[in-house]
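Enquirer: Contents of entry.txt (compact mmCIF, C-alpha atoms and all ligand atoms) are below:
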```txt
# COMPACT_ATOMS: atom_id res chain seq x y z
CA MET A 1 -2.42 15.54 -25.98
CA LYS A 2 -2.87 13.88 -22.61
CA LYS A 3 0.09 14.43 -20.29
CA PRO A 4 1.92 11.20 -19.44
CA ASN A 5 1.20 9.79 -15.99
CA LEU A 6 4.48 9.25 -14.17
CA LYS A 7 3.05 6.98 -11.48
CA GLY A 8 3.88 3.50 -12.64
CA LEU A 9 7.16 4.38 -14.33
CA THR A 10 10.27 2.60 -13.05
CA ALA A 11 13.45 4.44 -12.02
CA ALA A 12 15.00 3.80 -15.44
CA GLU A 13 11.89 5.08 -17.25
CA LEU A 14 11.77 8.20 -15.09
CA SER A 15 15.40 8.93 -15.90
CA GLU A 16 14.62 8.58 -19.59
CA PHE A 17 11.69 10.93 -19.17
CA CYS A 18 13.89 13.53 -17.45
CA VAL A 19 16.57 13.31 -20.12
CA ALA A 20 13.93 13.81 -22.82
CA LEU A 21 12.87 16.90 -20.89
CA GLY A 22 16.44 18.23 -21.11
CA GLU A 23 17.09 17.46 -17.45
CA LYS A 24 19.89 15.46 -15.85
CA GLU A 25 19.40 11.74 -15.54
CA TYR A 26 19.64 11.74 -11.73
CA ARG A 27 16.43 13.77 -11.62
CA GLY A 28 14.65 10.56 -12.56
CA ARG A 29 16.04 8.85 -9.48
CA GLN A 30 14.86 11.78 -7.35
CA LEU A 31 11.40 11.67 -8.90
CA PHE A 32 11.28 7.96 -8.15
CA THR A 33 12.11 8.59 -4.49
CA TRP A 34 9.56 11.38 -4.19
CA MET A 35 6.76 9.43 -5.78
CA TYR A 36 7.21 6.04 -4.19
CA GLU A 37 9.35 6.34 -1.04
CA LYS A 38 7.98 9.67 0.10
CA GLU A 39 4.65 9.12 -1.61
CA ALA A 40 4.27 12.72 -2.82
CA PRO A 41 0.82 12.96 -4.40
CA SER A 42 1.75 15.94 -6.62
CA PHE A 43 4.77 17.77 -8.03
CA ASP A 44 4.36 20.80 -5.77
CA ARG A 45 5.04 18.55 -2.78
CA MET A 46 8.50 17.70 -4.14
CA THR A 47 10.12 20.43 -2.13
CA THR A 48 13.75 19.69 -2.97
CA PHE A 49 13.06 20.59 -6.61
CA SER A 50 13.32 24.19 -7.83
CA ALA A 51 10.05 26.00 -8.49
CA LYS A 52 10.96 26.10 -12.17
CA PHE A 53 11.48 22.32 -12.40
CA ARG A 54 8.25 21.67 -10.55
CA GLU A 55 6.39 23.93 -12.98
CA ASP A 56 8.04 22.18 -15.92
CA LEU A 57 6.94 18.84 -14.57
CA GLU A 58 3.43 20.13 -13.95
CA SER A 59 3.07 21.32 -17.54
CA ARG A 60 4.57 18.19 -19.09
CA ALA A 61 3.33 15.32 -16.93
CA SER A 62 0.85 14.21 -14.28
CA ILE A 63 0.76 11.96 -11.23
CA GLU A 64 -2.51 10.10 -11.30
CA SER A 65 -3.96 8.51 -8.18
CA LEU A 66 -6.84 6.18 -7.57
CA THR A 67 -9.82 7.65 -5.79
CA LEU A 68 -10.86 5.80 -2.66
CA VAL A 69 -14.65 5.62 -2.95
CA GLU A 70 -15.48 3.45 0.01
CA ALA A 71 -13.81 1.45 2.77
CA ARG A 72 -15.84 -1.31 4.41
CA ARG A 73 -14.43 -2.83 7.53
CA SER A 74 -15.42 -6.23 8.78
CA ALA A 75 -16.80 -6.05 12.28
CA GLY A 76 -15.60 -9.59 12.85
CA ASP A 77 -11.92 -9.47 12.05
CA GLY A 78 -10.96 -5.98 10.91
CA THR A 79 -10.44 -6.97 7.28
CA THR A 80 -11.14 -3.90 5.16
CA LYS A 81 -12.30 -3.84 1.57
CA LEU A 82 -11.23 -0.73 -0.32
CA LEU A 83 -13.21 0.32 -3.37
CA PHE A 84 -11.24 2.48 -5.80
CA GLU A 85 -12.26 4.44 -8.85
CA LEU A 86 -9.82 4.62 -11.76
CA SER A 87 -9.35 7.67 -13.95
CA ASP A 88 -11.77 6.25 -16.56
CA GLY A 89 -14.48 5.72 -13.94
CA LYS A 90 -14.05 1.94 -13.72
CA ARG A 91 -13.84 0.44 -10.28
CA ILE A 92 -11.67 -2.14 -8.55
CA GLU A 93 -11.25 -3.50 -5.05
CA SER A 94 -8.31 -4.25 -2.78
CA VAL A 95 -8.44 -5.95 0.59
CA LEU A 96 -6.42 -5.02 3.69
CA ILE A 97 -5.88 -8.03 5.90
CA PRO A 98 -4.74 -7.30 9.45
CA PRO A 99 -2.41 -9.52 11.49
CA LYS A 100 -3.55 -12.93 12.62
CA THR A 101 -6.36 -13.23 10.13
CA ALA A 102 -4.75 -14.59 6.99
CA PHE A 103 -4.60 -18.15 8.25
CA LYS A 104 -6.27 -20.22 10.87
CA GLY A 105 -3.71 -21.23 13.43
CA LYS A 106 -0.08 -20.24 13.52
CA ASP A 107 1.99 -19.81 10.42
CA ALA A 108 4.45 -17.20 11.63
CA GLY A 109 6.22 -16.18 14.80
CA GLU A 110 4.08 -14.19 17.21
CA GLU A 111 6.03 -10.96 16.89
CA GLU A 112 6.35 -11.01 13.14
CA GLU A 113 2.69 -11.87 12.79
CA GLN A 114 1.63 -8.87 14.88
CA LYS A 115 3.36 -6.49 12.51
CA ARG A 116 1.99 -8.07 9.40
CA LEU A 117 -0.37 -6.05 7.27
CA THR A 118 -1.23 -7.75 4.01
CA LEU A 119 -2.78 -6.09 1.00
CA CYS A 120 -4.55 -8.15 -1.64
CA VAL A 121 -4.33 -6.24 -4.93
CA SER A 122 -6.26 -6.46 -8.18
CA THR A 123 -4.50 -6.76 -11.54
CA GLN A 124 -7.42 -6.45 -13.95
CA VAL A 125 -10.83 -4.82 -13.98
CA GLY A 126 -12.82 -8.05 -13.98
CA CYS A 127 -11.32 -11.27 -15.35
CA PRO A 128 -11.76 -13.27 -18.56
CA LEU A 129 -11.10 -16.73 -17.11
CA ASP A 130 -14.65 -17.56 -16.04
CA CYS A 131 -13.90 -19.86 -13.10
CA SER A 132 -17.33 -21.08 -12.02
CA PHE A 133 -16.79 -20.44 -8.29
CA CYS A 134 -15.42 -16.89 -8.50
CA ALA A 135 -17.38 -13.66 -8.16
CA THR A 136 -14.98 -11.66 -10.32
CA ALA A 137 -15.83 -13.90 -13.28
CA THR A 138 -19.32 -12.41 -13.40
CA MET A 139 -17.78 -9.13 -14.60
CA GLY A 140 -15.92 -10.51 -17.61
CA LEU A 141 -12.74 -8.64 -18.51
CA LEU A 142 -13.06 -4.87 -18.81
CA ARG A 143 -9.36 -4.08 -19.03
CA ASN A 144 -5.88 -4.63 -17.63
CA LEU A 145 -4.64 -2.37 -14.87
CA THR A 146 -1.56 -0.26 -15.54
CA PRO A 147 1.54 -0.64 -13.36
CA GLY A 148 0.64 2.70 -11.75
CA GLU A 149 -2.85 1.53 -10.86
CA ILE A 150 -1.47 -1.60 -9.22
CA VAL A 151 1.22 0.28 -7.29
CA ASP A 152 -1.23 2.96 -6.22
CA GLN A 153 -3.44 0.38 -4.50
CA VAL A 154 -0.51 -0.18 -2.13
CA ILE A 155 0.22 3.54 -1.71
CA GLN A 156 -3.43 4.37 -1.01
CA ALA A 157 -3.96 1.41 1.31
CA ARG A 158 -0.92 2.42 3.29
CA ALA A 159 -2.22 5.96 3.61
CA TYR A 160 -5.62 4.63 4.67
CA ALA A 161 -4.13 2.25 7.25
CA GLY A 162 -1.63 4.81 8.50
CA LYS A 163 1.07 2.16 8.66
CA PRO A 164 3.26 0.22 6.27
CA ILE A 165 1.97 -2.63 4.19
CA THR A 166 4.31 -5.55 4.90
CA ASN A 167 3.00 -8.16 2.44
CA VAL A 168 1.36 -7.93 -0.96
CA VAL A 169 -0.63 -10.74 -2.54
CA TYR A 170 -1.72 -10.52 -6.16
CA MET A 171 -4.98 -12.33 -5.47
CA GLY A 172 -7.58 -9.66 -6.05
CA MET A 173 -9.60 -9.24 -9.22
CA GLY A 174 -8.06 -10.59 -12.38
CA GLU A 175 -5.49 -13.08 -13.60
CA PRO A 176 -2.03 -11.57 -12.99
CA PHE A 177 -0.39 -13.67 -15.70
CA LEU A 178 -2.70 -12.23 -18.37
CA ASN A 179 -1.26 -8.82 -17.48
CA TYR A 180 2.26 -10.10 -16.91
CA GLU A 181 4.34 -7.13 -17.96
CA ASN A 182 2.38 -4.58 -15.96
CA VAL A 183 2.30 -6.88 -12.95
CA MET A 184 6.08 -7.39 -13.02
CA LYS A 185 6.69 -3.71 -13.48
CA SER A 186 4.51 -3.03 -10.44
CA VAL A 187 6.51 -5.64 -8.50
CA GLU A 188 9.73 -3.86 -9.44
CA ILE A 189 8.36 -0.54 -8.15
CA ILE A 190 6.89 -2.08 -5.00
CA THR A 191 10.18 -3.78 -4.11
CA THR A 192 12.55 -0.93 -4.98
CA GLY A 193 10.35 2.11 -4.37
CA LEU A 194 7.94 1.03 -1.65
CA LYS A 195 10.61 -1.22 -0.11
CA ILE A 196 8.53 -4.33 0.36
CA ALA A 197 10.84 -7.34 0.04
CA ALA A 198 10.22 -9.66 -2.90
CA LYS A 199 9.84 -12.62 -0.53
CA ARG A 200 6.80 -10.87 0.96
CA ILE A 201 5.08 -10.65 -2.39
CA THR A 202 2.99 -13.51 -3.81
CA VAL A 203 1.50 -13.77 -7.27
CA SER A 204 -1.38 -16.19 -7.68
CA THR A 205 -2.34 -17.72 -11.04
CA ALA A 206 -5.23 -19.85 -12.18
CA GLY A 207 -2.64 -21.79 -14.15
CA TRP A 208 -1.28 -19.90 -17.14
CA ALA A 209 1.56 -22.38 -17.58
CA PRO A 210 3.82 -20.53 -20.06
CA MET A 211 4.10 -17.53 -17.75
CA ILE A 212 5.03 -19.78 -14.83
CA ARG A 213 7.99 -20.90 -16.93
CA GLN A 214 8.78 -17.35 -17.92
CA MET A 215 8.75 -16.21 -14.30
CA ALA A 216 11.14 -19.05 -13.47
CA ASP A 217 13.46 -18.11 -16.35
CA GLU A 218 13.52 -14.49 -15.24
CA GLY A 219 14.68 -15.53 -11.78
CA ARG A 220 12.05 -13.48 -9.98
CA LYS A 221 12.29 -13.67 -6.23
CA ILE A 222 8.60 -13.27 -5.53
CA LYS A 223 6.48 -16.22 -4.43
CA LEU A 224 4.18 -18.20 -6.65
CA ALA A 225 0.76 -19.57 -5.78
CA VAL A 226 -1.27 -21.77 -8.12
CA SER A 227 -5.04 -22.18 -7.85
CA LEU A 228 -5.30 -25.92 -8.20
CA HIS A 229 -8.61 -26.97 -6.58
CA THR A 230 -8.58 -30.52 -7.95
CA LEU A 231 -6.15 -33.00 -9.49
CA ASP A 232 -8.79 -34.54 -11.74
CA ASP A 233 -8.45 -33.13 -15.25
CA ASN A 234 -12.09 -33.40 -16.31
CA ALA A 235 -13.34 -31.98 -13.06
CA ARG A 236 -10.86 -29.11 -13.26
CA THR A 237 -11.94 -28.23 -16.77
CA GLU A 238 -15.52 -28.13 -15.58
CA LEU A 239 -14.52 -25.76 -12.81
CA MET A 240 -11.91 -23.67 -14.59
CA PRO A 241 -12.11 -23.39 -18.39
CA ILE A 242 -8.39 -22.47 -18.45
CA ASN A 243 -7.71 -26.17 -17.77
CA ALA A 244 -8.79 -27.05 -21.30
CA ARG A 245 -5.97 -24.87 -22.59
CA PHE A 246 -3.34 -25.83 -20.01
CA PRO A 247 -4.32 -29.24 -18.60
CA LEU A 248 -2.92 -30.49 -15.31
CA GLU A 249 0.04 -32.28 -16.83
CA GLU A 250 1.21 -29.15 -18.60
CA LEU A 251 0.51 -26.99 -15.56
CA LEU A 252 2.33 -29.26 -13.13
CA ASP A 253 5.26 -29.64 -15.54
CA ALA A 254 5.58 -25.86 -15.50
CA VAL A 255 5.39 -25.77 -11.69
CA GLU A 256 8.05 -28.46 -11.43
CA TYR A 257 10.22 -26.49 -13.85
CA TYR A 258 9.67 -23.44 -11.64
CA TYR A 259 10.86 -25.34 -8.60
CA ARG A 260 13.89 -26.74 -10.36
CA LYS A 261 14.92 -23.27 -11.53
CA THR A 262 14.18 -21.28 -8.39
CA LYS A 263 14.25 -23.82 -5.54
CA GLU A 264 11.22 -21.97 -4.20
CA ARG A 265 8.29 -23.93 -2.84
CA VAL A 266 5.06 -23.21 -4.65
CA THR A 267 1.77 -22.82 -2.81
CA PHE A 268 -1.19 -24.75 -4.19
CA GLU A 269 -4.57 -23.23 -3.38
CA TYR A 270 -7.37 -25.70 -2.93
CA ILE A 271 -10.96 -24.69 -2.25
CA LEU A 272 -12.59 -27.59 -0.46
CA PHE A 273 -16.00 -28.42 -1.97
CA ASP A 274 -18.33 -30.78 -0.18
CA GLY A 275 -18.17 -34.27 -1.67
CA TRP A 276 -16.49 -33.02 -4.83
CA ASN A 277 -12.76 -32.74 -4.25
CA ASP A 278 -12.51 -33.99 -0.67
CA THR A 279 -12.60 -37.77 -1.19
CA ASP A 280 -9.94 -40.34 -0.30
CA ASP A 281 -8.86 -40.34 -3.92
CA ASP A 282 -8.38 -36.59 -3.87
CA LEU A 283 -6.37 -36.88 -0.70
CA ARG A 284 -4.08 -39.52 -2.21
CA ARG A 285 -3.51 -37.34 -5.26
CA ILE A 286 -2.51 -34.36 -3.13
CA VAL A 287 -0.11 -36.48 -1.10
CA LYS A 288 1.46 -37.78 -4.31
CA LEU A 289 1.78 -34.28 -5.71
CA SER A 290 3.41 -32.90 -2.61
CA ARG A 291 5.94 -35.74 -2.69
CA SER A 292 6.89 -34.96 -6.26
CA ILE A 293 6.92 -31.15 -6.09
CA PRO A 294 8.08 -29.43 -2.87
CA SER A 295 5.05 -27.31 -2.08
CA LYS A 296 2.56 -26.04 0.46
CA ILE A 297 -1.18 -26.58 0.27
CA ASN A 298 -3.57 -23.82 1.28
CA ILE A 299 -7.04 -25.14 1.90
CA ILE A 300 -9.52 -22.34 1.23
CA PRO A 301 -13.11 -22.43 2.47
CA PHE A 302 -15.56 -21.87 -0.39
CA HIS A 303 -17.02 -18.40 -0.03
CA ASP A 304 -20.49 -17.59 -1.15
CA ILE A 305 -20.68 -15.66 -4.42
CA ALA A 306 -24.45 -15.55 -4.87
CA PHE A 307 -24.43 -11.78 -4.18
CA ALA A 308 -22.38 -11.13 -7.33
CA ASN A 309 -25.05 -12.33 -9.68
CA PRO A 310 -28.39 -12.49 -7.92
CA GLY A 311 -30.71 -15.07 -9.39
CA VAL A 312 -28.06 -16.74 -11.55
CA LYS A 313 -26.60 -19.87 -10.12
CA ARG A 314 -23.06 -20.31 -11.39
CA THR A 315 -22.25 -23.48 -9.53
CA SER A 316 -24.03 -26.12 -7.52
CA LEU A 317 -20.90 -26.80 -5.48
CA LYS A 318 -21.13 -26.42 -1.74
CA PRO A 319 -18.50 -25.67 0.85
CA ALA A 320 -17.12 -28.56 2.85
CA SER A 321 -18.04 -28.29 6.51
CA ALA A 322 -15.48 -26.97 8.99
CA GLU A 323 -15.19 -30.45 10.52
CA ARG A 324 -14.60 -32.02 7.13
CA MET A 325 -11.95 -29.43 6.42
CA GLU A 326 -10.18 -30.06 9.73
CA GLU A 327 -10.26 -33.78 9.10
CA PHE A 328 -8.93 -33.42 5.56
CA VAL A 329 -6.09 -31.27 6.84
CA ARG A 330 -5.30 -33.64 9.69
CA ARG A 331 -5.09 -36.58 7.30
CA LEU A 332 -2.82 -34.61 4.98
CA ARG A 333 -0.59 -33.69 7.91
CA ASP A 334 -0.44 -37.34 8.90
CA GLU A 335 1.09 -37.88 5.48
CA HIS A 336 3.59 -35.07 6.15
CA VAL A 337 2.01 -32.64 3.71
CA THR A 338 2.56 -28.98 4.61
CA VAL A 339 -0.95 -27.63 4.73
CA PHE A 340 -2.73 -24.58 6.11
CA ILE A 341 -6.35 -23.52 6.23
CA ARG A 342 -6.86 -20.03 4.89
CA SER A 343 -9.28 -18.16 7.12
CA SER A 344 -12.46 -16.65 5.75
CA ALA A 345 -11.43 -13.21 6.94
CA GLY A 346 -13.72 -10.55 5.58
CA GLU A 347 -16.47 -12.91 4.50
CA ASP A 348 -19.10 -10.76 6.20
CA ILE A 349 -18.22 -7.88 3.86
CA ASP A 350 -17.71 -10.05 0.76
CA ALA A 351 -13.98 -9.44 0.89
CA ALA A 352 -12.78 -13.01 1.25
CA CYS A 353 -11.00 -14.94 -1.53
CA GLY A 354 -12.97 -14.91 -4.75
CA GLN A 355 -15.59 -12.46 -3.51
CA LEU A 356 -14.38 -9.37 -5.33
CA ALA A 357 -16.81 -8.20 -7.95
CA ILE A 358 -18.40 -4.97 -8.90
CA ASN A 359 -21.60 -5.01 -10.84
CA VAL A 360 -23.56 -2.11 -12.14
CA GLU A 361 -26.08 -2.35 -9.38
CA ARG A 362 -23.45 -2.24 -6.69
CA LYS A 363 -21.87 0.72 -8.41
CA ARG A 364 -25.08 2.67 -8.08
CA THR A 365 -25.65 1.90 -4.44
CA SER A 366 -22.83 3.05 -2.24
CA ALA A 367 -23.05 0.30 0.34
CA LYS A 368 -24.26 -3.13 -0.56
CA LYS A 369 -26.35 -5.14 1.83
CA PRO A 370 -24.98 -8.66 2.16
CA THR A 371 -27.46 -10.97 0.48
CA HIS A 372 -26.08 -14.14 1.96
CA THR A 373 -26.05 -15.53 5.41
CA ALA A 374 -22.88 -16.63 7.11
CA ARG A 375 -22.27 -20.34 6.94
CA ARG A 376 -20.80 -22.55 9.56
N1 LIG B 1 -6.68 -15.27 -10.92
C1 LIG B 1 -5.78 -15.60 -9.84
C2 LIG B 1 -5.88 -14.69 -8.64
C3 LIG B 1 -7.25 -14.30 -8.13
S1 LIG B 1 -8.21 -15.42 -7.19
C4 LIG B 1 -5.97 -17.03 -9.44
O1 LIG B 1 -6.87 -17.68 -9.94
O2 LIG B 1 -5.16 -17.55 -8.66
C5 LIG B 1 -7.44 -15.64 -5.63
C6 LIG B 1 -7.80 -17.00 -5.02
O3 LIG B 1 -9.16 -17.03 -4.59
C7 LIG B 1 -7.64 -18.15 -6.00
O4 LIG B 1 -7.01 -19.22 -5.40
C8 LIG B 1 -9.07 -18.48 -6.33
O5 LIG B 1 -9.20 -19.77 -6.83
C9 LIG B 1 -9.74 -18.24 -5.00
N2 LIG B 1 -11.20 -18.11 -5.09
C10 LIG B 1 -11.94 -17.65 -6.13
N3 LIG B 1 -13.25 -17.70 -5.83
C11 LIG B 1 -13.36 -18.20 -4.58
C12 LIG B 1 -14.47 -18.46 -3.71
N4 LIG B 1 -15.71 -18.23 -4.07
N5 LIG B 1 -14.19 -18.97 -2.48
C13 LIG B 1 -12.91 -19.19 -2.09
N6 LIG B 1 -11.84 -18.94 -2.86
C14 LIG B 1 -12.05 -18.46 -4.10
```
Using the file provided, produce a representation of the structure as structure tokens.
Ligand code: SAH

Expert:
Amino acid sequence: MKKPNLKGLTAAELSEFCVALGEKEYRGRQLFTWMYEKEAPSFDRMTTFSAKFREDLESRASIESLTLVEARRSAGDGTTKLLFELSDGKRIESVLIPPKTAFKGKDAGEEEEQKRLTLCVSTQVGCPLDCSFCATATMGLLRNLTPGEIVDQVIQARAYAGKPITNVVYMGMGEPFLNYENVMKSVEIITTGLKIAAKRITVSTAGWAPMIRQMADEGRKIKLAVSLHTLDDNARTELMPINARFPLEELLDAVEYYYRKTKERVTFEYILFDGWNDTDDDLRRIVKLSRSIPSKINIIPFHDIAFANPGVKRTSLKPASAERMEEFVRRLRDEHVTVFIRSSAGEDIDAACGQLAINVERKRTSAKKPTHTARR
């Protein structure tokens, strides 16, 4: 029988494991500290344990880690895409985002911003939601990640960077709310074991409304982001098939419920497409929304995804120009909407929002040549 992997177990689960082993409960707490706070990669590094206990652990359990296959660093802004292999050979990506690159312009104090190191983590291998603008969609869903595989992205990224990760965003491959339990367990370990405050953790959903309500009911302190992209129901369904299941009214009801319960402002993500969701009507709808639900709007530039599926055009949508984006934002600000433009950090290495995808071809070649040219 395969030995259980302890990475990904919470403090309570580790205590249970130790008791089942005939050990004292507090051993679980110690294991928790060794694995997550001190980041011991194996039992023999847990030097405060007796040799006998370490041997026992070795024969009864394992600590599995992701294998870092490749790290590609953007020459432009220092964003680094980490490619990991899981124990079953499947691959996922995480993105390390250095200070001052997450947003265009200021969104934090100078000093705090300098210390910020954000990791964007994946929650699934691939994704089943099939959003037409997203590279990950081309993979379909291969499987959910375990809590250990999510947590280990943070542990490994920290080791790679050589300094603490200060913020975690669940915006990599996958839909976090379709892997809710594992995601929340990873959040518990990241906050208590890796000591990253809940308010520095953001989970982003394409709009799985019932889980937004559940998260509100559970009183989670992490932040919520919702990928909105348009306030026109038909258009949204065209873009994101999930909208047929949870249309805007249901989604926004859930977000409002979330605000009422938590008093936390939600972030709406909005990719600006040229001539598609950037009209005066769209603007008016956003203003109305932000008056009814206290929220922030993140305008995201549309990143090219042609590389993920060469020869197959998934969408005819085009990015709005930088000028159009600035103008849209200015007009929203004139209406007192809180709005930021997300930077395209990492676009030159296909590490920007929505650009995470691994296809068979890329798996065979170790470094992929970018097949797209940078847009202005
Ligand atoms: N499934 C979750 C999290 C992953 S996507 C979600 O949908 O929120 C993270 C963000 O990147 C989402 O806001 C998503 O809409 C956005 N995104 C996806 N593809 C993109 C692209 N090609 N260009 C810019 N942003 C994209």

Enquirer: Could you list, as a list in words, all the residues within 6 Å of ligand LIG 1 (chain B), counting all atoms listed in the file?

Expert: Phe133, Cys134, Met171, Gly172, Met173, Gly174, Glu175, Ser204, Thr205, Ala206, Val226, Ser227, Glu269, Ile271, Ile300, Pro301, Phe302, His303, Asp304, Ile305, Cys353, Gly354 and Gln355 of chain A

Enquirer: Restricting the calculation to all atoms listed in the file, which member of A:Val19, A:Ala159, A:Val287, A:Ile63 is positioned closest to Asp44 of chain A?

Expert: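 Result for the nearest residue to Asp44 of chain A: A:Ile63.
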
Enquirer: Considering only C-alpha atoms, state which residue in the set A:Ile299, A:Leu178, A:Leu317, A:Met184 is at the smallest distance from Ala198 of chain A.

Expert: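 Ranked by minimum distance to Ala198 of chain A, first place goes to A:Met184.
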
Enquirer: Would you mind reading off the distance between atom CA of Phe307 of chain A and atom CA of Leu68 of chain A, one decimal, in Å?

Expert: 22.3 Å

Enquirer: Please list as number ranges by chain every residue within 9 Å of segment 341-346 of chain A, counting all atoms listed in the file and excluding residues in the same chain fewer than 4 positions away.

Expert: A: 73-81, 95, 97, 101-105, 297-303, 325-326, 329, 350-353

Enquirer: In terms of the shortest atom-to-atom distance over all atoms listed in the file, which of A:Thr279, A:Ser321, A:Gln124, A:Thr146 is closest to Pro176 of chain A?

Expert: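 Once distances to Pro176 of chain A are computed over all atoms listed in the file, the minimum belongs to A:Gln124.
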
Enquirer: What is the atom CA of Ser62 of chain A-atom CA of Phe177 of chain A distance in Å, reported with one decimal?

Expert: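 Value for the atom CA of Ser62 of chain A-atom CA of Phe177 of chain A distance: 27.9 Å.
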
Enquirer: Write out as a ChimeraX atom specification each polymer residue whose atoms come within 8 Å of Phe32 of chain A, counting all atoms listed in the file; drop sequence neighbours fewer than 3 positions from it.

Expert: /A:10-11,14,28-29,35-37,193

Enquirer: Enter the distance from atom CA of Arg324 of chain A to atom CA of His336 of chain A, in Å, rounded to one decimal.

Expert: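 We find that atom CA of Arg324 of chain A and atom CA of His336 of chain A lie 18.5 Å from each other.
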
Enquirer: Will you give me segment 178-189 of chain A, written with N, CA, C and O atoms and laid out as a short mmCIF file (atom, residue, chain, number, x, y, z; two decimals), in the first residue's frame?

Expert:
```
data_model
loop_
_atom_site.label_atom_id
_atom_site.label_comp_id
_atom_site.auth_asym_id
_atom_site.auth_seq_id
_atom_site.Cartn_x
_atom_site.Cartn_y
_atom_site.Cartn_z
N LEU A 178 -14.20 24.80 -7.94
CA LEU A 178 -14.54 23.42 -8.31
C LEU A 178 -13.63 22.45 -7.56
O LEU A 178 -13.68 21.25 -7.76
N ASN A 179 -12.77 22.99 -6.73
CA ASN A 179 -11.88 22.16 -5.90
C ASN A 179 -11.87 22.80 -4.51
O ASN A 179 -10.83 23.00 -3.89
N TYR A 180 -13.09 23.15 -4.06
CA TYR A 180 -13.26 24.03 -2.90
C TYR A 180 -12.59 23.51 -1.64
O TYR A 180 -11.84 24.22 -0.97
N GLU A 181 -12.87 22.23 -1.34
CA GLU A 181 -12.36 21.71 -0.07
C GLU A 181 -10.83 21.71 0.00
O GLU A 181 -10.24 22.12 0.99
N ASN A 182 -10.22 21.25 -1.09
CA ASN A 182 -8.75 21.22 -1.12
C ASN A 182 -8.16 22.63 -1.09
O ASN A 182 -7.13 22.87 -0.45
N VAL A 183 -8.83 23.54 -1.78
CA VAL A 183 -8.36 24.93 -1.78
C VAL A 183 -8.42 25.50 -0.37
O VAL A 183 -7.46 26.10 0.12
N MET A 184 -9.54 25.30 0.32
CA MET A 184 -9.68 25.88 1.66
C MET A 184 -8.73 25.22 2.67
O MET A 184 -8.24 25.86 3.58
N LYS A 185 -8.49 23.94 2.46
CA LYS A 185 -7.53 23.28 3.33
C LYS A 185 -6.13 23.87 3.09
O LYS A 185 -5.37 24.12 4.03
N SER A 186 -5.81 24.13 1.84
CA SER A 186 -4.50 24.73 1.55
C SER A 186 -4.42 26.14 2.15
O SER A 186 -3.38 26.53 2.67
N VAL A 187 -5.53 26.86 2.13
CA VAL A 187 -5.55 28.21 2.73
C VAL A 187 -5.26 28.09 4.23
O VAL A 187 -4.48 28.86 4.79
N GLU A 188 -5.89 27.11 4.86
CA GLU A 188 -5.69 26.93 6.31
C GLU A 188 -4.20 26.69 6.61
O GLU A 188 -3.63 27.27 7.53
N ILE A 189 -3.57 25.85 5.79
CA ILE A 189 -2.16 25.53 6.03
C ILE A 189 -1.27 26.74 5.70
O ILE A 189 -0.32 27.05 6.42
#
```
